[in-house]
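Right, one structure below, let's go through it.
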Amino acid sequence: MSINILHITDKKRSVENSIVDISDFSWTEGEEADVDFILRDNVSLYCLDHDHQRAVFVETPPDVNMSEAPFFYDAQYKYAQRLIAVPYADFHQAAEQIKAGLDHLILLYSTGRCGSTLLSKAFAQINSVTSLSEPDVFSQLVMMRPLDGSNDDQIRQLAKSSLAFLTQPVSPLSSQFHILKLRSFGIEIGELIYQILPSIKTLFLYRNAEDVIKSAVRAYSSLRIHYSSHELCNNIEFLCRFTPLLKEYIQYIEGEPSVIDSEAISWLSVMHRYLVLYHKGHQIRGVRYEDLVREPHEITQALLEYCAVPTDQSSIVSCVDNVFSKDAQQGSLLSRDAYADKEDAVHQVFEIQRKTSCLFREHPEITSADCFLPGTITPSLQ
């Protein structure tokens with residue numbers, strides 16, 4: 001097996017939180033190298049170049065701890081020194097030899113804007129755990145998967161190899177447990193990942209819909225692509241890959257769609273997907289943001305026990321206290337400081353309540369902004 005080094009000549013991602021893509025960089029083709037190159041500590045999987053059927057890794061400085069970044073994909077982009085392109089066939093073959101990390105993998109899904117980055121960083125404080133916040137190749141897999149599931153076999157294979165590389169033990173002293181926190185819509189390929197790894201432990205962090213939407217309006221208003229009704233209808237099949245309920249609930253959007261509409265339907269769609277997975281018997285458990293904030297030590301302990309991560313009480317107290325008082329997204333475009341001076345969404349509370357209540361009238365199980373999902377972990381229910 002051989003791979004190709006790509007020498008970066010420019011970094012040109014136009015939107016900071018956009019889904020990763022090989023077009024984030026300009027490069028020149030370089031020399032070939034042995035496949036062992038991608039097993040180095042400072043080389044990590046960045047994206048898929050699906051048009052050319054290859055996986056793309058980034059080489060970053062060895063003294064930069066990528067797992068500490070608020071968003072893994074963003075740190076990969078910022079610190080990337082070289083790219084390494086690996087044909088899919090070689091990518092899969094190499095992954096088969098390094099999949100030991102999959103034995104203790106935990107996935108963290110969420111509604112977004114609910115403390116998932118914070119929880120990911122809290123887990124990272126535990127010595128036996130490596131936690132990556134948003135390795136974004138899984139966002140690509142969601143984007144690549146049509147609604148009819150016609151390429152599910154390929155998506156499953158790519159997901160399995162991606163998981164293997166992102167959890168590979170790089171030394172005998174490597175962390176035993178690996179936690180991968182995905183973007184909110186990453187749960188849409190949860191069924192395929194479960195088919196690959198039926199014993200995987202999965203957590204789903206959720207929050208009151210009104211609070212999620214208010215937070216999203218402040219944080220994302222300048223980042224979201226706003227579609228007109230005409231554009232929304234023309235792109236419905238593609239957008240439903242991320243928000244499957246959009247096709248059904250688009251009829252309840254009044255006038256031109258707003259960020260409130262998109263966030264409300266996205267929240268409902270992700271919550272709905274959790275229920276689908278839970279009712280199918282997946283090992284997925286809910287975690288309420290409100291419970292986590294009110295009782296951080298107790299909830300964190302319950303989560304660790306559910307995930308079978310061994311630790312002691314002092315370690316739990318330490319990991320919570322070191323993280324929960326800080327902004328887990330500090331230094332990113334979504335940090336508190338980045339949008340603290342933006343117009344607050346308080347004046348939009350009525351509009352948010354009106355639009356969400358309309359959606360809740362149509363869903364058979366999710367009937368309020370503050371619903372309690374079955375399977376939710378509480379201090380007394382583990």
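In the structure tokens, each chain is lettered A, B, ... as it comes, each chain's residues begin at 1, and ligands are numbered from 1 in order of appearance.
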Could you pull the residues within 9 Å of Ser120 in chain A, counting only C-alpha atoms, minus those fewer than 5 positions along the same chain, as number ranges by chain?
A: 108, 115, 131-133, 179-181, 328
Can you write out as CSV which residues of range 16-129 of chain A fall within 12 Å of range 283-287 of chain A, alongside each residue's closest atom pair and its distance in Å to one decimal, counting only C-alpha atoms and ordering rows by chain and ascending residue number?
residue,atom,partner,partner_atom,distance
A:Ile106,CA,A:Ile284,CA,10.0
A:Leu107,CA,A:Ile284,CA,9.1
A:Leu108,CA,A:Ile284,CA,9.5
A:Tyr109,CA,A:Gly286,CA,9.3
A:Ser110,CA,A:Val287,CA,9.0
A:Thr111,CA,A:Val287,CA,10.8
A:Cys114,CA,A:Val287,CA,10.1
A:Gly115,CA,A:Val287,CA,10.5
A:Ser116,CA,A:Val287,CA,10.0
A:Leu119,CA,A:Val287,CA,10.5
Could you take the residues named above and write them with C-alpha atoms, as a tab-separated table (two decimals), in the first residue's frame?
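Output saved as part.tsv:
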chain	number	residue	atom	x	y	z
A	106	ILE	CA	-18.87	5.84	23.25
A	107	LEU	CA	-20.79	8.16	20.92
A	108	LEU	CA	-22.28	11.44	22.10
A	109	TYR	CA	-25.20	12.83	20.09
A	110	SER	CA	-27.13	15.98	20.95
A	111	THR	CA	-29.70	18.55	19.88
A	114	CYS	CA	-27.09	22.03	24.96
A	115	GLY	CA	-23.69	21.66	26.59
A	116	SER	CA	-22.43	18.72	24.54
A	119	LEU	CA	-19.71	17.34	28.52
Kindly assemble as a tab-separated table a list of the range 122-152 of chain A residues that lie within 12 Å of range 71-89 of chain A, each paired with its nearest atom pair and their distance in Å to one decimal, using only C-alpha atoms, sorted first by chain and then by ascending residue number.
residue	atom	partner	partner_atom	distance
A:Ser131	CA	A:Phe72	CA	9.8
A:Leu132	CA	A:Phe72	CA	6.2
A:Ser133	CA	A:Phe71	CA	5.2
A:Glu134	CA	A:Phe72	CA	5.6
A:Pro135	CA	A:Tyr73	CA	5.4
A:Asp136	CA	A:Tyr73	CA	5.8
A:Val137	CA	A:Tyr73	CA	8.6
A:Phe138	CA	A:Tyr73	CA	10.9
A:Ser139	CA	A:Tyr73	CA	10.7
A:Gln140	CA	A:Tyr73	CA	11.9
If you run DSSP on the backbone here, which positions in range 160-299 of chain A get alpha helix (DSSP H)? Please write them as a ChimeraX atom specification.
/A:160-166,190-196,209-220,229-234,236-239,246-249,259-279,289-294,296-299
Which residues come within 12 Å of Ile253 in chain A, counting only C-alpha atoms, excluding same-chain residues fewer than 2 positions away, as number ranges by chain?
A: 228-229, 232-233, 246-251, 255-265, 354-356, 358-359
Neighbouring residues of Thr376 in chain A were defined as those with any atom within 12 Å, considering only C-alpha atoms; residues of the same chain fewer than 4 positions away were excluded. Please report them as a list in words.
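Surrounding residues, per the criterion: Thr202, Leu203, Phe204, Leu205, Tyr206, Arg207, Tyr274, Leu275, Tyr278, Gln283, Ile284, Arg285, Gly286, Val287, Arg288, Tyr289, Glu290, Asp291, Leu292, Ile299, Ala302, Leu303, Tyr306, Cys371, Phe372, Ser380, Leu381 and Gln382 of chain A.
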Those selected residues, please, written with N, CA and C atoms and delivered as a PDB file, in the first residue's frame.
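And here's selection-v1.pdb as it stands now:
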ATOM      1  N   THR A 202     -24.160   4.670  23.659  1.00  0.00           N
ATOM      2  CA  THR A 202     -24.465   5.946  23.038  1.00  0.00           C
ATOM      3  C   THR A 202     -25.230   6.840  24.001  1.00  0.00           C
ATOM      4  N   LEU A 203     -24.861   8.113  24.042  1.00  0.00           N
ATOM      5  CA  LEU A 203     -25.532   9.103  24.868  1.00  0.00           C
ATOM      6  C   LEU A 203     -26.154  10.169  23.969  1.00  0.00           C
ATOM      7  N   PHE A 204     -27.283  10.715  24.422  1.00  0.00           N
ATOM      8  CA  PHE A 204     -27.957  11.769  23.671  1.00  0.00           C
ATOM      9  C   PHE A 204     -28.298  12.907  24.629  1.00  0.00           C
ATOM     10  N   LEU A 205     -27.614  14.032  24.469  1.00  0.00           N
ATOM     11  CA  LEU A 205     -27.831  15.186  25.334  1.00  0.00           C
ATOM     12  C   LEU A 205     -28.868  16.107  24.691  1.00  0.00           C
ATOM     13  N   TYR A 206     -29.902  16.450  25.454  1.00  0.00           N
ATOM     14  CA  TYR A 206     -30.953  17.305  24.897  1.00  0.00           C
ATOM     15  C   TYR A 206     -31.343  18.395  25.877  1.00  0.00           C
ATOM     16  N   ARG A 207     -32.055  19.396  25.352  1.00  0.00           N
ATOM     17  CA  ARG A 207     -32.384  20.593  26.128  1.00  0.00           C
ATOM     18  C   ARG A 207     -33.729  21.137  25.674  1.00  0.00           C
ATOM     19  N   TYR A 274     -33.785  10.134  18.009  1.00  0.00           N
ATOM     20  CA  TYR A 274     -33.472   9.455  19.269  1.00  0.00           C
ATOM     21  C   TYR A 274     -34.569   8.449  19.607  1.00  0.00           C
ATOM     22  N   LEU A 275     -35.823   8.876  19.507  1.00  0.00           N
ATOM     23  CA  LEU A 275     -36.930   7.980  19.842  1.00  0.00           C
ATOM     24  C   LEU A 275     -36.949   6.749  18.938  1.00  0.00           C
ATOM     25  N   TYR A 278     -34.153   4.510  20.172  1.00  0.00           N
ATOM     26  CA  TYR A 278     -34.478   3.964  21.496  1.00  0.00           C
ATOM     27  C   TYR A 278     -35.533   2.862  21.394  1.00  0.00           C
ATOM     28  N   GLN A 283     -28.605   0.719  22.421  1.00  0.00           N
ATOM     29  CA  GLN A 283     -28.073   1.107  23.725  1.00  0.00           C
ATOM     30  C   GLN A 283     -27.824   2.611  23.734  1.00  0.00           C
ATOM     31  N   ILE A 284     -28.901   3.355  23.717  1.00  0.00           N
ATOM     32  CA  ILE A 284     -28.825   4.812  23.715  1.00  0.00           C
ATOM     33  C   ILE A 284     -29.628   5.342  24.894  1.00  0.00           C
ATOM     34  N   ARG A 285     -29.044   6.293  25.602  1.00  0.00           N
ATOM     35  CA  ARG A 285     -29.696   6.865  26.769  1.00  0.00           C
ATOM     36  C   ARG A 285     -29.687   8.388  26.666  1.00  0.00           C
ATOM     37  N   GLY A 286     -30.768   9.004  27.097  1.00  0.00           N
ATOM     38  CA  GLY A 286     -30.883  10.445  27.071  1.00  0.00           C
ATOM     39  C   GLY A 286     -30.252  11.093  28.296  1.00  0.00           C
ATOM     40  N   VAL A 287     -29.830  12.333  28.126  1.00  0.00           N
ATOM     41  CA  VAL A 287     -29.276  13.140  29.220  1.00  0.00           C
ATOM     42  C   VAL A 287     -29.857  14.546  29.074  1.00  0.00           C
ATOM     43  N   ARG A 288     -30.542  15.025  30.095  1.00  0.00           N
ATOM     44  CA  ARG A 288     -31.115  16.370  30.046  1.00  0.00           C
ATOM     45  C   ARG A 288     -30.072  17.413  30.453  1.00  0.00           C
ATOM     46  N   TYR A 289     -29.922  18.420  29.620  1.00  0.00           N
ATOM     47  CA  TYR A 289     -29.019  19.531  29.931  1.00  0.00           C
ATOM     48  C   TYR A 289     -29.368  20.155  31.279  1.00  0.00           C
ATOM     49  N   GLU A 290     -30.659  20.313  31.516  1.00  0.00           N
ATOM     50  CA  GLU A 290     -31.102  20.939  32.763  1.00  0.00           C
ATOM     51  C   GLU A 290     -30.671  20.132  33.979  1.00  0.00           C
ATOM     52  N   ASP A 291     -30.707  18.796  33.874  1.00  0.00           N
ATOM     53  CA  ASP A 291     -30.239  17.938  34.973  1.00  0.00           C
ATOM     54  C   ASP A 291     -28.728  18.044  35.135  1.00  0.00           C
ATOM     55  N   LEU A 292     -28.024  18.088  34.000  1.00  0.00           N
ATOM     56  CA  LEU A 292     -26.570  18.158  34.033  1.00  0.00           C
ATOM     57  C   LEU A 292     -26.095  19.442  34.717  1.00  0.00           C
ATOM     58  N   ILE A 299     -24.944  13.530  37.817  1.00  0.00           N
ATOM     59  CA  ILE A 299     -25.245  13.102  36.445  1.00  0.00           C
ATOM     60  C   ILE A 299     -23.989  12.559  35.770  1.00  0.00           C
ATOM     61  N   ALA A 302     -23.393   9.134  36.964  1.00  0.00           N
ATOM     62  CA  ALA A 302     -24.353   8.198  36.372  1.00  0.00           C
ATOM     63  C   ALA A 302     -23.985   7.868  34.929  1.00  0.00           C
ATOM     64  N   LEU A 303     -23.512   8.856  34.182  1.00  0.00           N
ATOM     65  CA  LEU A 303     -23.120   8.623  32.793  1.00  0.00           C
ATOM     66  C   LEU A 303     -21.910   7.706  32.718  1.00  0.00           C
ATOM     67  N   TYR A 306     -22.965   4.178  33.466  1.00  0.00           N
ATOM     68  CA  TYR A 306     -23.671   3.583  32.329  1.00  0.00           C
ATOM     69  C   TYR A 306     -22.687   3.158  31.233  1.00  0.00           C
ATOM     70  N   CYS A 371     -40.116  18.344  26.905  1.00  0.00           N
ATOM     71  CA  CYS A 371     -40.514  16.945  27.057  1.00  0.00           C
ATOM     72  C   CYS A 371     -39.391  16.126  27.696  1.00  0.00           C
ATOM     73  N   PHE A 372     -39.767  15.026  28.330  1.00  0.00           N
ATOM     74  CA  PHE A 372     -38.831  14.116  28.983  1.00  0.00           C
ATOM     75  C   PHE A 372     -38.794  12.831  28.172  1.00  0.00           C
ATOM     76  N   SER A 380     -31.093   8.891  40.006  1.00  0.00           N
ATOM     77  CA  SER A 380     -31.752   7.735  40.613  1.00  0.00           C
ATOM     78  C   SER A 380     -32.082   6.653  39.615  1.00  0.00           C
ATOM     79  N   LEU A 381     -31.807   6.905  38.298  1.00  0.00           N
ATOM     80  CA  LEU A 381     -32.104   5.915  37.257  1.00  0.00           C
ATOM     81  C   LEU A 381     -30.879   5.817  36.365  1.00  0.00           C
ATOM     82  N   GLN A 382     -30.092   4.754  36.514  1.00  0.00           N
ATOM     83  CA  GLN A 382     -28.829   4.632  35.797  1.00  0.00           C
ATOM     84  C   GLN A 382     -28.835   3.408  34.896  1.00  0.00           C
TER      85      GLN A 382
END
Can you tell me, as a list in words, what residues are no more than 12 Å from Glu305 in chain A when counting only C-alpha atoms, ignoring any on the same chain fewer than 2 positions away?
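Non-adjacent residues within range: Lys201, Glu298, Ile299, Thr300, Gln301, Ala302, Leu303, Cys307, Ala308, Val309, Pro310, Thr311, Asp312, Gln313, Ile316, Ile377, Thr378, Pro379, Leu381 and Gln382 of chain A.
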Using only C-alpha atoms: which of A:Thr28, A:Arg241, A:Pro364, A:Ser23 has the shortest distance to His50 in chain A:
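Among the listed residues, A:Ser23 lies closest to His50 in chain A.
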Closest of A:Leu105, A:Gly281, A:Val217, A:Val43 to Ile5 in chain A - atom-to-atom distances counting only C-alpha atoms:
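The shortest atom-to-atom distance to Ile5 in chain A comes from A:Val43.
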Taking only C-alpha atoms into account, which of A:Phe165, A:Asn42, A:Val35, A:Met143 comes nearest Ile98 in chain A?
A:Phe165
Pairwise distance for CA of Arg156 in chain A and CA of Ala69 in chain A, rounded to one decimal in Å:
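These atoms are spaced 27.2 Å apart.
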Between CA of Ala122 in chain A and CA of Gln176 in chain A, measure the distance and give it in Å to one decimal.
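For CA of Ala122 in chain A relative to CA of Gln176 in chain A, the distance reads 16.2 Å.
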Name the residues of range 59-266 of chain A that come out as strand (DSSP E) in a backbone DSSP run; write them as a ChimeraX atom specification.
/A:59,82-87,105-110,129-133,177-181,201-206
Under the rule that only C-alpha atoms are counted, which of A:Glu210, A:Glu351, A:Asp103, A:Glu254 is the nearest residue to Ala164 in chain A?
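Nearest candidate to Ala164 in chain A out of A:Glu210, A:Glu351, A:Asp103, A:Glu254: A:Asp103.
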Please report the interatomic distance between CA of Phe360 in chain A and CA of Val212 in chain A in Å with one decimal.
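CA of Phe360 in chain A sits 15.4 Å away from CA of Val212 in chain A.
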